[in-house]
Amino acid sequence: MTPHIEAKPGDYADKVLLPGDPLRAKWIAETFFEKPVQVNGVRNCLGYTGTYNGKKISVQAGGMGMPSNAIYITELFKIYNVETIIRVGSCGGIAKNVQIGDIVAATTASTDSAMGKQLVKHFQVSPSVDHKLLSKFLKHCPLAHVGSIVSNDYFYQPNENWWKELQAQGTLAVEMETYILYTLASQLNRKALSVNTVSDHFEYTDKNMSPKERETGFSQMIEAVLKI
């Protein structure tokens, strides 16, 4: 047990899905898992374990942003000996060819965060997806966009046009967690994948998903992840 997770050793599966929203974690468990059991409720950051096609599987909410997610990622990897964490989140579209409802699989993530700057002296770490996980995911979700995203600390950026330079660099989308997931997985020699459904877009502001759609509208992405 930790200050953030009340689960006992062995309560989590080797593979854990990591949404941000606790209600999305609850929805995933109740919709896709067989016989789900709640294993964490501390701070209402819900975690569940069940089975899918006979295999043990878990889901744990990570909250919003890298500081919050880093707590759960670190504890799952180091305290509960989880081998694989797959982020199943939402993101904002940046690239023009990315549409609302599309799925983005991140190969790496740029960031405005300072969280990774001190890991290697004189270098900025650029973390990478586990490519075996990515290849397996794409077999079940071949239409996903694949490439670099950005993980921001700021949600309300002071410069409202901040995304345009990243668009010119080929960045697909923005969210707030992938950089630290890939960084910690690399540091701790574990496996990680981040896949995100596009819930809004900087150029198409009249087509955003509702909060309810964000909570429960990601079935295609979840089903593909569970088949890995």
# chains A, B, ... in the order shown; residues from 1 in each chain; ligands from 1
call {"tool": "select_by_dssp", "arguments": {"residues": "segment 10-203 of chain A", "states": "strand (DSSP E)", "output": "ChimeraX atom specification"}}
result
/A:15-18,34-40,47-52,55-60,84-93,103-111,145-151,173-175,191-201
call {"tool": "residues_around", "arguments": {"residues": "Asp200 of chain A", "least_positions_apart": "2", "cutoff": "9 Å", "atoms": "only C-alpha atoms", "output": "list in words"}}
result
Ser90, Cys91, Gly92, Gly93, Gln99, Ile100, Gly101, Val198, Phe202, Glu203, Tyr204, Thr205, Asp206, Lys207, Asn208 and Met209 of chain A
call {"tool": "write_last_selection", "arguments": {"atoms": "all heavy atoms", "output": "compact mmCIF listing (two decimals), in the first residue's frame"}}
result
# COMPACT_ATOMS: atom_id res chain seq x y z
N SER A 90 -7.55 10.99 -23.99
CA SER A 90 -8.07 11.90 -25.01
C SER A 90 -6.97 12.89 -25.36
O SER A 90 -6.02 13.09 -24.60
CB SER A 90 -9.31 12.63 -24.50
OG SER A 90 -8.99 13.39 -23.34
N CYS A 91 -7.10 13.50 -26.52
CA CYS A 91 -6.10 14.48 -26.95
C CYS A 91 -6.77 15.53 -27.83
O CYS A 91 -7.89 15.33 -28.32
CB CYS A 91 -4.95 13.81 -27.70
SG CYS A 91 -5.43 13.00 -29.25
N GLY A 92 -6.07 16.63 -28.01
CA GLY A 92 -6.52 17.67 -28.91
C GLY A 92 -5.76 17.58 -30.22
O GLY A 92 -4.53 17.47 -30.23
N GLY A 93 -6.47 17.61 -31.33
CA GLY A 93 -5.83 17.51 -32.64
C GLY A 93 -5.05 18.77 -32.99
O GLY A 93 -5.50 19.89 -32.74
N GLN A 99 -8.70 14.18 -37.37
CA GLN A 99 -10.09 14.59 -37.22
C GLN A 99 -10.64 14.18 -35.85
O GLN A 99 -10.11 13.28 -35.20
CB GLN A 99 -10.95 13.97 -38.33
CG GLN A 99 -10.49 14.29 -39.74
CD GLN A 99 -10.59 15.75 -40.07
OE1 GLN A 99 -11.61 16.40 -39.77
NE2 GLN A 99 -9.57 16.30 -40.70
N ILE A 100 -11.73 14.83 -35.43
CA ILE A 100 -12.41 14.46 -34.19
C ILE A 100 -12.83 12.99 -34.27
O ILE A 100 -13.42 12.55 -35.25
CB ILE A 100 -13.65 15.34 -33.95
CG1 ILE A 100 -13.30 16.81 -33.98
CG2 ILE A 100 -14.32 14.96 -32.62
CD1 ILE A 100 -12.36 17.27 -32.91
N GLY A 101 -12.51 12.23 -33.22
CA GLY A 101 -12.84 10.82 -33.19
C GLY A 101 -11.73 9.91 -33.68
O GLY A 101 -11.79 8.69 -33.47
N VAL A 198 -9.02 11.62 -30.38
CA VAL A 198 -9.09 13.07 -30.57
C VAL A 198 -10.48 13.57 -30.17
O VAL A 198 -11.48 13.22 -30.79
CB VAL A 198 -8.79 13.45 -32.03
CG1 VAL A 198 -8.87 14.97 -32.22
CG2 VAL A 198 -7.42 12.93 -32.46
N PHE A 202 -7.77 22.16 -32.69
CA PHE A 202 -7.51 23.59 -32.67
C PHE A 202 -8.03 24.31 -33.91
O PHE A 202 -8.28 25.52 -33.86
CB PHE A 202 -6.02 23.86 -32.49
CG PHE A 202 -5.55 23.59 -31.09
CD1 PHE A 202 -5.02 22.36 -30.74
CD2 PHE A 202 -5.68 24.56 -30.11
CE1 PHE A 202 -4.62 22.11 -29.45
CE2 PHE A 202 -5.28 24.31 -28.81
CZ PHE A 202 -4.75 23.08 -28.47
N GLU A 203 -8.21 23.61 -35.01
CA GLU A 203 -8.71 24.25 -36.22
C GLU A 203 -10.19 24.02 -36.45
O GLU A 203 -10.81 24.72 -37.23
CB GLU A 203 -7.91 23.77 -37.44
CG GLU A 203 -6.48 24.25 -37.45
CD GLU A 203 -5.95 24.46 -38.86
OE1 GLU A 203 -6.74 24.59 -39.81
OE2 GLU A 203 -4.71 24.49 -39.00
N TYR A 204 -10.75 23.02 -35.76
CA TYR A 204 -12.16 22.67 -35.98
C TYR A 204 -12.89 22.77 -34.64
O TYR A 204 -13.31 21.77 -34.07
CB TYR A 204 -12.28 21.27 -36.57
CG TYR A 204 -11.29 20.99 -37.67
CD1 TYR A 204 -10.39 19.93 -37.58
CD2 TYR A 204 -11.23 21.80 -38.80
CE1 TYR A 204 -9.47 19.67 -38.59
CE2 TYR A 204 -10.32 21.55 -39.81
CZ TYR A 204 -9.43 20.49 -39.69
OH TYR A 204 -8.53 20.25 -40.69
N THR A 205 -13.04 23.98 -34.14
CA THR A 205 -13.51 24.19 -32.77
C THR A 205 -15.01 23.96 -32.59
O THR A 205 -15.50 23.96 -31.46
CB THR A 205 -13.17 25.61 -32.31
OG1 THR A 205 -13.74 26.55 -33.25
CG2 THR A 205 -11.66 25.81 -32.26
N ASP A 206 -15.74 23.73 -33.67
CA ASP A 206 -17.20 23.55 -33.56
C ASP A 206 -17.59 22.08 -33.46
O ASP A 206 -18.78 21.75 -33.47
CB ASP A 206 -17.91 24.18 -34.76
CG ASP A 206 -17.47 23.59 -36.09
OD1 ASP A 206 -16.35 23.06 -36.16
OD2 ASP A 206 -18.25 23.68 -37.06
N LYS A 207 -16.61 21.17 -33.33
CA LYS A 207 -16.90 19.74 -33.38
C LYS A 207 -16.40 19.00 -32.15
O LYS A 207 -16.17 17.79 -32.19
CB LYS A 207 -16.28 19.12 -34.64
CG LYS A 207 -16.78 19.72 -35.94
CD LYS A 207 -16.09 19.07 -37.13
CE LYS A 207 -16.57 19.68 -38.45
NZ LYS A 207 -15.89 19.06 -39.61
N ASN A 208 -16.22 19.69 -31.04
CA ASN A 208 -15.66 19.06 -29.85
C ASN A 208 -16.59 18.01 -29.25
O ASN A 208 -17.81 18.15 -29.29
CB ASN A 208 -15.36 20.11 -28.78
CG ASN A 208 -14.29 21.10 -29.26
OD1 ASN A 208 -13.66 20.89 -30.28
ND2 ASN A 208 -14.12 22.16 -28.51
N MET A 209 -15.98 16.96 -28.65
CA MET A 209 -16.76 15.96 -27.93
C MET A 209 -17.30 16.56 -26.63
O MET A 209 -16.66 17.40 -26.01
CB MET A 209 -15.90 14.74 -27.59
CG MET A 209 -15.62 13.83 -28.75
SD MET A 209 -14.73 12.35 -28.15
CE MET A 209 -14.59 11.43 -29.69
call {"tool": "residues_around", "arguments": {"residues": "Gly41 of chain A", "least_positions_apart": "2", "cutoff": "10 Å", "atoms": "only C-alpha atoms", "output": "ChimeraX atom specification"}}
result
/A:4-7,22,38-39,43-48,60-61
call {"tool": "closest_residue", "arguments": {"among": "A:Thr197, A:Thr84, A:Gln118, A:Ser126", "to": "Ile228 of chain A", "atoms": "only C-alpha atoms"}}
result
A:Thr84
